[in-house]
Amino acid sequence: MNRLTPPVLARLLLAFSIAPTALALLSSAPPPLSYPPAIQRSIQHWDASTLRQQILSHHVAKIAFHHDARAVEVLDVNGLQRRVEIFPDIAPVLVDSCRKGHVSFFVLPDQTANPMLVAFARSFVLTLVVILVIDALGLMEMLIWGCAILGYNFYIFLAQLDAALVQYWTEFHARLSRRAPRDKDSMEALYVRVDDDDEL
């Protein structure tokens with residue numbers, strides 16, 4: 001097994017540093033706010049009524065409504081941003097308050113991603129990370145040989161399956177061909193018997 005030399009360690013660090021960033025970018029949720037702990041503790045929690053009072057008191061600089069009208073992103077005059085949970089029925093009241101307080105507002109676009117596409121993208125990123133780790137450990141040649149052997153065995157399996165299906169279809173077609181004349185003779189005999197009954 002190869003030793004963990006500095007280039008190998010650098011590749012491993014690169015792989016494990018790419019994964020969280022890539023997965024965060026693939027997430028449909030907006031990125032969390034990051035403030036220093038002291039500032040984070042100083043940010044007061046607002047509810048819908050407090051937000052309306054702050055708007056009318058000219059303490060709010062800008063508001064962004066979420067597309068489902070269940071939350072708003074608020075930027076106050078001090079440059080601090082906070083999220084306020086609301087319910088859809090109060091959104092028109094907040095819009096009217098923004099107009100009275102001359103506060104600019106807008107609606108955030110719907111950033112909901114296709115769940116299947118997100119799952120595929122996450123799987124693809126994790127696969128790339130695994131390949132980087134395998135390459136850093138010097139096992140890429142073994143991986144390639146393993147994939148080649150697996151692919152060859154899969155090809156043999158498909159060839160055998162195709163041969164079995166062809167043989168089954170040939171035998172089935174031969175049985176139908178042998179049965180067709182007998183069915184024809186049976187139908188002709190039935191027609192003759194019906195005609196005889198009609199004559200009687």
# chains A, B, ... in the order shown; residues from 1 in each chain; ligands from 1
>>> residues_around(residues="Ala69 of chain A", least_positions_apart="3", cutoff="8 Å", atoms="only C-alpha atoms", output="JSON, numbers by chain")
{"A": [65, 66, 72, 86, 87, 88, 91]}
>>> write_last_selection(atoms="N, CA and C atoms", output="PDB file, in the first residue's frame")
ATOM      1  N   PHE A  65     -39.977  38.737   0.147  1.00  0.00           N
ATOM      2  CA  PHE A  65     -40.970  37.717   0.460  1.00  0.00           C
ATOM      3  C   PHE A  65     -40.596  36.395  -0.216  1.00  0.00           C
ATOM      4  N   HIS A  66     -40.737  35.314   0.509  1.00  0.00           N
ATOM      5  CA  HIS A  66     -40.581  33.997  -0.105  1.00  0.00           C
ATOM      6  C   HIS A  66     -41.780  33.730  -1.013  1.00  0.00           C
ATOM      7  N   VAL A  72     -40.247  35.815   5.338  1.00  0.00           N
ATOM      8  CA  VAL A  72     -39.662  36.983   4.671  1.00  0.00           C
ATOM      9  C   VAL A  72     -38.234  37.157   5.169  1.00  0.00           C
ATOM     10  N   ILE A  86     -43.922  33.990   8.774  1.00  0.00           N
ATOM     11  CA  ILE A  86     -45.256  34.584   8.710  1.00  0.00           C
ATOM     12  C   ILE A  86     -46.222  33.530   8.169  1.00  0.00           C
ATOM     13  N   PHE A  87     -47.495  33.913   8.030  1.00  0.00           N
ATOM     14  CA  PHE A  87     -48.468  33.061   7.372  1.00  0.00           C
ATOM     15  C   PHE A  87     -49.015  33.825   6.160  1.00  0.00           C
ATOM     16  N   PRO A  88     -49.448  33.119   5.120  1.00  0.00           N
ATOM     17  CA  PRO A  88     -49.796  33.796   3.856  1.00  0.00           C
ATOM     18  C   PRO A  88     -50.828  34.896   3.979  1.00  0.00           C
ATOM     19  N   ALA A  91     -49.450  38.485   4.443  1.00  0.00           N
ATOM     20  CA  ALA A  91     -48.577  39.061   3.420  1.00  0.00           C
ATOM     21  C   ALA A  91     -49.157  40.349   2.831  1.00  0.00           C
TER      22      ALA A  91
END
>>> residues_around(residues="Leu51 of chain A", least_positions_apart="3", cutoff="12 Å", atoms="only C-alpha atoms", output="NGL selection string")
:A and (44-48 or 54-63 or 71-76 or 82-86 or 90-91 or 93-95 or 97-98 or 101)
>>> select_by_dssp(residues="segment 47-181 of chain A", states="strand (DSSP E or B)", output="count of residues only")
21
